[in-house]
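Trainee: Coordinates in target.cif, mmCIF, N, CA and C atoms, are listed below.
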data_work
#
loop_
_atom_site.label_atom_id
_atom_site.label_comp_id
_atom_site.auth_asym_id
_atom_site.auth_seq_id
_atom_site.Cartn_x
_atom_site.Cartn_y
_atom_site.Cartn_z
N MET D 203 74.48 111.33 106.90
CA MET D 203 73.67 110.40 106.13
C MET D 203 73.99 108.96 106.54
N ALA D 204 73.05 108.10 106.34
CA ALA D 204 73.24 106.68 106.63
C ALA D 204 74.00 106.02 105.49
N GLU D 205 74.58 104.86 105.80
CA GLU D 205 75.30 104.12 104.77
C GLU D 205 74.41 103.01 104.24
N GLU D 206 74.63 102.67 102.99
CA GLU D 206 73.96 101.52 102.40
C GLU D 206 75.03 100.64 101.76
N SER D 207 74.71 99.37 101.63
CA SER D 207 75.66 98.42 101.04
C SER D 207 75.28 98.15 99.59
N ILE D 208 76.30 98.14 98.74
CA ILE D 208 76.10 97.80 97.33
C ILE D 208 77.08 96.69 96.99
N THR D 209 76.56 95.57 96.53
CA THR D 209 77.41 94.44 96.19
C THR D 209 77.64 94.40 94.69
N PHE D 210 78.91 94.28 94.31
CA PHE D 210 79.32 94.20 92.91
C PHE D 210 79.63 92.74 92.60
N THR D 211 78.99 92.22 91.56
CA THR D 211 79.21 90.83 91.18
C THR D 211 80.22 90.73 90.05
N LEU D 212 80.81 89.56 89.90
CA LEU D 212 81.78 89.36 88.83
C LEU D 212 81.07 89.48 87.48
N PRO D 213 81.50 90.44 86.65
CA PRO D 213 80.84 90.61 85.35
C PRO D 213 81.28 89.54 84.36
N ASP D 214 80.52 89.42 83.29
CA ASP D 214 80.89 88.53 82.18
C ASP D 214 82.05 89.20 81.44
N LEU D 215 83.22 88.61 81.53
CA LEU D 215 84.42 89.22 80.96
C LEU D 215 84.68 88.83 79.52
N GLY D 216 83.89 87.97 78.99
CA GLY D 216 84.06 87.57 77.59
C GLY D 216 83.08 86.48 77.24
N GLU D 217 82.81 86.37 75.99
CA GLU D 217 81.81 85.40 75.53
C GLU D 217 82.21 83.98 75.90
N GLY D 218 81.34 83.31 76.60
CA GLY D 218 81.57 81.91 76.94
C GLY D 218 82.34 81.68 78.22
N LEU D 219 82.84 82.72 78.86
CA LEU D 219 83.57 82.53 80.11
C LEU D 219 82.59 82.38 81.26
N VAL D 220 82.83 81.40 82.11
CA VAL D 220 81.90 81.14 83.20
C VAL D 220 82.48 81.45 84.57
N GLU D 221 83.80 81.68 84.64
CA GLU D 221 84.41 82.00 85.92
C GLU D 221 85.74 82.72 85.70
N ALA D 222 86.25 83.29 86.78
CA ALA D 222 87.56 83.92 86.78
C ALA D 222 88.21 83.64 88.13
N THR D 223 89.53 83.58 88.13
CA THR D 223 90.29 83.35 89.36
C THR D 223 90.88 84.67 89.84
N VAL D 224 90.68 84.98 91.11
CA VAL D 224 91.22 86.20 91.69
C VAL D 224 92.74 86.02 91.81
N LEU D 225 93.49 86.89 91.12
CA LEU D 225 94.95 86.84 91.21
C LEU D 225 95.44 87.71 92.36
N GLU D 226 94.97 88.97 92.40
CA GLU D 226 95.44 89.89 93.43
C GLU D 226 94.41 90.99 93.66
N TRP D 227 94.08 91.21 94.92
CA TRP D 227 93.22 92.33 95.27
C TRP D 227 94.06 93.60 95.29
N GLN D 228 93.56 94.66 94.70
CA GLN D 228 94.23 95.96 94.70
C GLN D 228 93.75 96.82 95.86
N VAL D 229 92.75 96.31 96.62
CA VAL D 229 92.16 97.03 97.75
C VAL D 229 92.05 96.07 98.93
N ALA D 230 91.77 96.63 100.11
CA ALA D 230 91.56 95.83 101.31
C ALA D 230 90.30 96.35 102.00
N VAL D 231 89.75 95.54 102.91
CA VAL D 231 88.57 95.96 103.66
C VAL D 231 88.91 97.23 104.43
N GLY D 232 88.03 98.22 104.33
CA GLY D 232 88.23 99.49 105.00
C GLY D 232 88.80 100.57 104.10
N ASP D 233 89.39 100.19 102.96
CA ASP D 233 89.92 101.18 102.02
C ASP D 233 88.79 101.98 101.39
N VAL D 234 89.07 103.25 101.12
CA VAL D 234 88.12 104.09 100.40
C VAL D 234 88.63 104.18 98.97
N VAL D 235 87.77 103.83 98.01
CA VAL D 235 88.17 103.83 96.60
C VAL D 235 87.32 104.80 95.79
N ALA D 236 87.91 105.26 94.71
CA ALA D 236 87.20 106.13 93.77
C ALA D 236 86.66 105.26 92.65
N ARG D 237 85.66 105.75 91.98
CA ARG D 237 85.11 105.05 90.83
C ARG D 237 86.20 104.95 89.77
N ASN D 238 86.32 103.81 89.12
CA ASN D 238 87.29 103.48 88.08
C ASN D 238 88.71 103.23 88.60
N ALA D 239 88.91 103.24 89.92
CA ALA D 239 90.22 102.89 90.48
C ALA D 239 90.40 101.38 90.37
N PRO D 240 91.65 100.88 90.26
CA PRO D 240 91.86 99.43 90.18
C PRO D 240 91.28 98.73 91.40
N LEU D 241 90.54 97.66 91.16
CA LEU D 241 89.87 96.94 92.24
C LEU D 241 90.47 95.57 92.47
N VAL D 242 90.52 94.77 91.41
CA VAL D 242 91.00 93.40 91.54
C VAL D 242 91.55 92.93 90.19
N GLU D 243 92.60 92.12 90.25
CA GLU D 243 93.13 91.49 89.04
C GLU D 243 92.64 90.05 89.01
N VAL D 244 92.01 89.68 87.92
CA VAL D 244 91.49 88.33 87.77
C VAL D 244 92.04 87.70 86.50
N GLU D 245 92.01 86.38 86.48
CA GLU D 245 92.49 85.64 85.32
C GLU D 245 91.39 84.70 84.84
N THR D 246 91.18 84.71 83.53
CA THR D 246 90.23 83.78 82.91
C THR D 246 91.04 82.83 82.04
N THR D 247 90.37 81.94 81.34
CA THR D 247 91.08 81.03 80.45
C THR D 247 91.66 81.76 79.25
N LYS D 248 91.22 83.01 79.04
CA LYS D 248 91.69 83.77 77.88
C LYS D 248 92.72 84.84 78.23
N SER D 249 92.63 85.47 79.42
CA SER D 249 93.56 86.55 79.74
C SER D 249 93.48 86.92 81.21
N ALA D 250 94.40 87.79 81.63
CA ALA D 250 94.36 88.38 82.97
C ALA D 250 93.99 89.84 82.80
N VAL D 251 93.05 90.32 83.60
CA VAL D 251 92.59 91.70 83.50
C VAL D 251 92.43 92.31 84.88
N VAL D 252 92.55 93.62 84.94
CA VAL D 252 92.27 94.36 86.17
C VAL D 252 90.88 94.95 86.02
N ILE D 253 90.01 94.64 86.96
CA ILE D 253 88.65 95.15 86.94
C ILE D 253 88.63 96.46 87.73
N PRO D 254 88.16 97.54 87.12
CA PRO D 254 88.07 98.81 87.84
C PRO D 254 86.85 98.83 88.76
N SER D 255 86.90 99.69 89.75
CA SER D 255 85.78 99.83 90.67
C SER D 255 84.61 100.51 89.98
N PRO D 256 83.43 99.91 90.03
CA PRO D 256 82.26 100.53 89.41
C PRO D 256 81.62 101.58 90.31
N GLN D 257 82.15 101.73 91.51
CA GLN D 257 81.49 102.51 92.54
C GLN D 257 82.53 103.19 93.41
N ALA D 258 82.27 104.41 93.82
CA ALA D 258 83.10 105.06 94.83
C ALA D 258 82.53 104.70 96.20
N GLY D 259 83.39 104.44 97.16
CA GLY D 259 82.92 104.12 98.50
C GLY D 259 83.99 103.41 99.30
N ARG D 260 83.58 102.92 100.46
CA ARG D 260 84.48 102.19 101.34
C ARG D 260 84.27 100.69 101.13
N ILE D 261 85.36 99.94 101.08
CA ILE D 261 85.27 98.48 100.90
C ILE D 261 84.78 97.88 102.21
N ALA D 262 83.61 97.26 102.18
CA ALA D 262 83.02 96.66 103.38
C ALA D 262 83.37 95.17 103.47
N GLU D 263 83.44 94.49 102.31
CA GLU D 263 83.71 93.05 102.34
C GLU D 263 84.25 92.59 101.00
N LEU D 264 85.26 91.71 101.05
CA LEU D 264 85.76 91.04 99.85
C LEU D 264 85.20 89.62 99.90
N HIS D 265 84.52 89.21 98.85
CA HIS D 265 83.81 87.93 98.88
C HIS D 265 84.64 86.76 98.36
N ALA D 266 85.87 87.00 97.94
CA ALA D 266 86.70 85.92 97.42
C ALA D 266 88.14 86.14 97.87
N ALA D 267 88.83 85.04 98.09
CA ALA D 267 90.24 85.10 98.47
C ALA D 267 91.09 85.02 97.20
N GLU D 268 92.35 85.43 97.32
CA GLU D 268 93.26 85.29 96.18
C GLU D 268 93.40 83.81 95.84
N ASP D 269 93.52 83.51 94.56
CA ASP D 269 93.60 82.14 94.01
C ASP D 269 92.27 81.39 94.07
N GLN D 270 91.19 82.08 94.39
CA GLN D 270 89.88 81.44 94.42
C GLN D 270 89.15 81.71 93.11
N ALA D 271 88.51 80.67 92.55
CA ALA D 271 87.70 80.82 91.34
C ALA D 271 86.33 81.35 91.73
N VAL D 272 85.86 82.35 90.97
CA VAL D 272 84.56 82.97 91.24
C VAL D 272 83.70 82.84 89.98
N PRO D 273 82.52 82.23 90.08
CA PRO D 273 81.63 82.14 88.92
C PRO D 273 81.09 83.52 88.53
N VAL D 274 80.86 83.72 87.24
CA VAL D 274 80.27 84.97 86.75
C VAL D 274 78.92 85.16 87.44
N GLY D 275 78.69 86.38 87.95
CA GLY D 275 77.44 86.70 88.62
C GLY D 275 77.47 86.52 90.12
N ASP D 276 78.54 85.89 90.66
CA ASP D 276 78.64 85.75 92.11
C ASP D 276 79.21 87.02 92.72
N PRO D 277 78.90 87.30 93.99
CA PRO D 277 79.41 88.51 94.64
C PRO D 277 80.94 88.55 94.64
N LEU D 278 81.47 89.74 94.38
CA LEU D 278 82.91 89.94 94.36
C LEU D 278 83.34 90.85 95.50
N VAL D 279 82.67 91.97 95.64
CA VAL D 279 83.01 92.94 96.68
C VAL D 279 81.75 93.71 97.08
N THR D 280 81.68 94.12 98.36
CA THR D 280 80.58 94.94 98.83
C THR D 280 81.13 96.29 99.25
N PHE D 281 80.47 97.34 98.77
CA PHE D 281 80.84 98.72 99.09
C PHE D 281 79.88 99.26 100.12
N ALA D 282 80.38 100.10 101.02
CA ALA D 282 79.53 100.88 101.93
C ALA D 282 79.57 102.30 101.39
N VAL D 283 78.42 102.80 101.01
CA VAL D 283 78.33 104.15 100.45
C VAL D 283 77.29 104.94 101.20
N GLU D 284 77.43 106.26 101.15
CA GLU D 284 76.44 107.11 101.79
C GLU D 284 75.12 107.00 101.04
N ALA D 285 74.06 106.79 101.78
CA ALA D 285 72.74 106.68 101.16
C ALA D 285 72.40 108.02 100.53
N ALA D 286 71.87 107.96 99.34
CA ALA D 286 71.51 109.18 98.61
C ALA D 286 70.02 109.12 98.27
N ASP D 287 69.56 110.18 97.64
CA ASP D 287 68.19 110.19 97.15
C ASP D 287 68.03 109.08 96.13
N GLU D 288 66.86 108.88 95.68
CA GLU D 288 66.58 107.83 94.72
C GLU D 288 66.99 108.21 93.30
N ALA D 289 68.03 108.99 93.17
CA ALA D 289 68.51 109.36 91.84
C ALA D 289 69.18 108.14 91.20
N PRO D 290 69.02 107.96 89.90
CA PRO D 290 69.65 106.82 89.25
C PRO D 290 71.17 106.92 89.34
N ARG D 291 71.80 105.76 89.58
CA ARG D 291 73.26 105.71 89.68
C ARG D 291 73.81 105.06 88.42
N ALA D 292 74.84 105.66 87.88
CA ALA D 292 75.51 105.08 86.73
C ALA D 292 76.58 104.14 87.22
N GLY D 293 76.85 103.11 86.49
CA GLY D 293 77.90 102.17 86.85
C GLY D 293 78.49 101.56 85.61
N ILE D 294 79.59 100.90 85.80
CA ILE D 294 80.25 100.27 84.67
C ILE D 294 79.52 99.00 84.28
N VAL D 295 79.17 98.21 85.30
CA VAL D 295 78.55 96.93 85.04
C VAL D 295 77.35 96.75 85.94
N GLY D 296 76.29 96.22 85.40
CA GLY D 296 75.18 95.81 86.21
C GLY D 296 74.12 96.86 86.50
N ARG D 297 74.29 98.05 86.05
CA ARG D 297 73.29 99.08 86.28
C ARG D 297 72.80 99.60 84.94
N VAL D 298 71.50 99.60 84.76
CA VAL D 298 70.92 100.15 83.55
C VAL D 298 70.25 101.46 83.93
N PRO D 299 70.62 102.56 83.28
CA PRO D 299 69.99 103.84 83.61
C PRO D 299 68.49 103.77 83.36
N GLN D 300 67.75 104.45 84.22
CA GLN D 300 66.30 104.48 84.03
C GLN D 300 65.99 105.34 82.82
N GLU D 301 65.05 104.85 82.02
CA GLU D 301 64.69 105.59 80.81
C GLU D 301 63.62 106.61 81.13
N GLU D 302 63.74 107.76 80.50
CA GLU D 302 62.71 108.76 80.63
C GLU D 302 61.64 108.46 79.58
N ALA D 303 60.43 108.90 79.85
CA ALA D 303 59.35 108.67 78.90
C ALA D 303 59.66 109.39 77.59
N ARG D 304 59.43 108.71 76.49
CA ARG D 304 59.68 109.31 75.18
C ARG D 304 58.56 110.29 74.87
N PRO D 305 58.92 111.39 74.24
CA PRO D 305 57.86 112.35 73.88
C PRO D 305 56.94 111.74 72.83
N ALA D 306 55.66 112.05 72.97
CA ALA D 306 54.68 111.53 72.01
C ALA D 306 54.84 112.26 70.68
N ARG D 307 54.75 111.51 69.60
CA ARG D 307 54.85 112.11 68.26
C ARG D 307 53.50 111.99 67.57
N ARG D 308 53.18 113.03 66.82
CA ARG D 308 51.95 112.98 66.05
C ARG D 308 52.25 112.25 64.74
N VAL D 309 51.38 111.38 64.38
CA VAL D 309 51.51 110.65 63.13
C VAL D 309 50.27 110.92 62.30
N ARG D 310 50.50 111.37 61.07
CA ARG D 310 49.37 111.62 60.18
C ARG D 310 49.11 110.36 59.37
N LEU D 311 47.85 109.95 59.42
CA LEU D 311 47.48 108.76 58.67
C LEU D 311 47.11 109.10 57.22
N LYS D 312 46.68 110.34 56.99
CA LYS D 312 46.32 110.77 55.66
C LYS D 312 47.19 111.96 55.31
N PRO D 313 47.60 112.08 54.06
CA PRO D 313 48.40 113.24 53.70
C PRO D 313 47.53 114.51 53.79
N PRO D 314 48.14 115.65 54.09
CA PRO D 314 47.36 116.88 54.21
C PRO D 314 46.78 117.26 52.84
N THR D 315 45.59 117.81 52.88
CA THR D 315 44.95 118.26 51.63
C THR D 315 45.15 119.77 51.50
N ALA D 316 45.31 120.22 50.27
CA ALA D 316 45.56 121.65 50.04
C ALA D 316 44.32 122.43 49.88
#
Show the structure stored in the file as structure tokens.
Mentor:
Amino acid sequence: MAEESITFTLPDLGEGLVEATVLEWQVAVGDVVARNAPLVEVETTKSAVVIPSPQAGRIAELHAAEDQAVPVGDPLVTFAVEAADEAPRAGIVGRVPQEEARPARRVRLKPPTA
């Protein structure tokens, strides 16, 4: 199968936070990571947190250096993953599952007569 690139952006880590500083990368370019494995430790004005990987795959690119401030929504890391069918992918951040059509319900406008 062919590979496709998926870029993960810095998520909103708390109300009102606009950026986070990369403290330490837990991965390097070329590493293969599992979903939910530690990805990067970042620090905000409120706390330091380890962000888990939202995706399984190979690390293709790190978009920030250690001690660099990254605005919320900017690219953080790019994954190289095997291209799959157009099945919806679940993720921790940034992916909304596709909704299935709701079944139609019958609504009675008049009460039934006996």
Trainee: I need the output of the PyMOL selection byres ((chain D and resi 216-226) around 6) for this file as a ChimeraX atom specification; which residues are they?
Mentor: /D:214-215,227-228,242-246,267-274
Trainee: Quick check for you: according to DSSP on this backbone, which residues of range 234-297 of chain D are classed as strand (DSSP E or B)? Reply as a PyMOL selection string.
Mentor: chain D and resi 234-235+240-245+250-254+259-264+271-273+277-284
Trainee: Between D:Glu206, D:Val252, D:Glu263, D:Leu241, which residue has the minimum interatomic distance to Ala285 in chain D, considering all atoms listed in the file?
Mentor: D:Glu206
Trainee: Can you tell me, as an mmCIF file with N, CA and C atoms, in the frame of the given file, which residues sit within 12 Å of (83.3, 105.7, 99.3) in the file's frame, using only C-alpha atoms?
Mentor:
data_model
loop_
_atom_site.group_PDB
_atom_site.id
_atom_site.type_symbol
_atom_site.label_atom_id
_atom_site.label_comp_id
_atom_site.auth_asym_id
_atom_site.auth_seq_id
_atom_site.Cartn_x
_atom_site.Cartn_y
_atom_site.Cartn_z
ATOM 1 N N GLU D 205 74.580 104.860 105.800
ATOM 2 C CA GLU D 205 75.300 104.120 104.770
ATOM 3 C C GLU D 205 74.410 103.010 104.240
ATOM 4 N N GLU D 206 74.630 102.670 102.990
ATOM 5 C CA GLU D 206 73.960 101.520 102.400
ATOM 6 C C GLU D 206 75.030 100.640 101.760
ATOM 7 N N SER D 207 74.710 99.370 101.630
ATOM 8 C CA SER D 207 75.660 98.420 101.040
ATOM 9 C C SER D 207 75.280 98.150 99.590
ATOM 10 N N ILE D 208 76.300 98.140 98.740
ATOM 11 C CA ILE D 208 76.100 97.800 97.330
ATOM 12 C C ILE D 208 77.080 96.690 96.990
ATOM 13 N N VAL D 231 89.750 95.540 102.910
ATOM 14 C CA VAL D 231 88.570 95.960 103.660
ATOM 15 C C VAL D 231 88.910 97.230 104.430
ATOM 16 N N GLY D 232 88.030 98.220 104.330
ATOM 17 C CA GLY D 232 88.230 99.490 105.000
ATOM 18 C C GLY D 232 88.800 100.570 104.100
ATOM 19 N N ASP D 233 89.390 100.190 102.960
ATOM 20 C CA ASP D 233 89.920 101.180 102.020
ATOM 21 C C ASP D 233 88.790 101.980 101.390
ATOM 22 N N VAL D 234 89.070 103.250 101.120
ATOM 23 C CA VAL D 234 88.120 104.090 100.400
ATOM 24 C C VAL D 234 88.630 104.180 98.970
ATOM 25 N N VAL D 235 87.770 103.830 98.010
ATOM 26 C CA VAL D 235 88.170 103.830 96.600
ATOM 27 C C VAL D 235 87.320 104.800 95.790
ATOM 28 N N ALA D 236 87.910 105.260 94.710
ATOM 29 C CA ALA D 236 87.200 106.130 93.770
ATOM 30 C C ALA D 236 86.660 105.260 92.650
ATOM 31 N N ARG D 237 85.660 105.750 91.980
ATOM 32 C CA ARG D 237 85.110 105.050 90.830
ATOM 33 C C ARG D 237 86.200 104.950 89.770
ATOM 34 N N ALA D 239 88.910 103.240 89.920
ATOM 35 C CA ALA D 239 90.220 102.890 90.480
ATOM 36 C C ALA D 239 90.400 101.380 90.370
ATOM 37 N N SER D 255 86.900 99.690 89.750
ATOM 38 C CA SER D 255 85.780 99.830 90.670
ATOM 39 C C SER D 255 84.610 100.510 89.980
ATOM 40 N N PRO D 256 83.430 99.910 90.030
ATOM 41 C CA PRO D 256 82.260 100.530 89.410
ATOM 42 C C PRO D 256 81.620 101.580 90.310
ATOM 43 N N GLN D 257 82.150 101.730 91.510
ATOM 44 C CA GLN D 257 81.490 102.510 92.540
ATOM 45 C C GLN D 257 82.530 103.190 93.410
ATOM 46 N N ALA D 258 82.270 104.410 93.820
ATOM 47 C CA ALA D 258 83.100 105.060 94.830
ATOM 48 C C ALA D 258 82.530 104.700 96.200
ATOM 49 N N GLY D 259 83.390 104.440 97.160
ATOM 50 C CA GLY D 259 82.920 104.120 98.500
ATOM 51 C C GLY D 259 83.990 103.410 99.300
ATOM 52 N N ARG D 260 83.580 102.920 100.460
ATOM 53 C CA ARG D 260 84.480 102.190 101.340
ATOM 54 C C ARG D 260 84.270 100.690 101.130
ATOM 55 N N ILE D 261 85.360 99.940 101.080
ATOM 56 C CA ILE D 261 85.270 98.480 100.900
ATOM 57 C C ILE D 261 84.780 97.880 102.210
ATOM 58 N N ALA D 262 83.610 97.260 102.180
ATOM 59 C CA ALA D 262 83.020 96.660 103.380
ATOM 60 C C ALA D 262 83.370 95.170 103.470
ATOM 61 N N THR D 280 81.680 94.120 98.360
ATOM 62 C CA THR D 280 80.580 94.940 98.830
ATOM 63 C C THR D 280 81.130 96.290 99.250
ATOM 64 N N PHE D 281 80.470 97.340 98.770
ATOM 65 C CA PHE D 281 80.840 98.720 99.090
ATOM 66 C C PHE D 281 79.880 99.260 100.120
ATOM 67 N N ALA D 282 80.380 100.100 101.020
ATOM 68 C CA ALA D 282 79.530 100.880 101.930
ATOM 69 C C ALA D 282 79.570 102.300 101.390
ATOM 70 N N VAL D 283 78.420 102.800 101.010
ATOM 71 C CA VAL D 283 78.330 104.150 100.450
ATOM 72 C C VAL D 283 77.290 104.940 101.200
ATOM 73 N N GLU D 284 77.430 106.260 101.150
ATOM 74 C CA GLU D 284 76.440 107.110 101.790
ATOM 75 C C GLU D 284 75.120 107.000 101.040
ATOM 76 N N ALA D 285 74.060 106.790 101.780
ATOM 77 C CA ALA D 285 72.740 106.680 101.160
ATOM 78 C C ALA D 285 72.400 108.020 100.530
#
Trainee: Could you jot down the CA of Asp276 in chain D to CA of Ile253 in chain D separation for me, Å, one decimal place?
Mentor: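 Taking CA of Asp276 in chain D as the start and CA of Ile253 in chain D as the end point, the length is 14.7 Å.
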Trainee: Measure the distance from CA of Val229 in chain D to atom C of Val279 in chain D in Å and round it to one decimal.
Mentor: 10.9 Å
Trainee: By how many Å are atom N of Phe210 in chain D and CA of Leu278 in chain D apart?
Mentor: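 We find that atom N of Phe210 in chain D and CA of Leu278 in chain D lie 5.9 Å from each other.
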Trainee: Ranking D:Pro254, D:Leu264, D:Thr315, D:Pro213 by minimum distance to Pro240 in chain D and counting only N, CA and C atoms, which one comes first?
Mentor: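 Distance minimum relative to Pro240 in chain D lands on D:Pro254.
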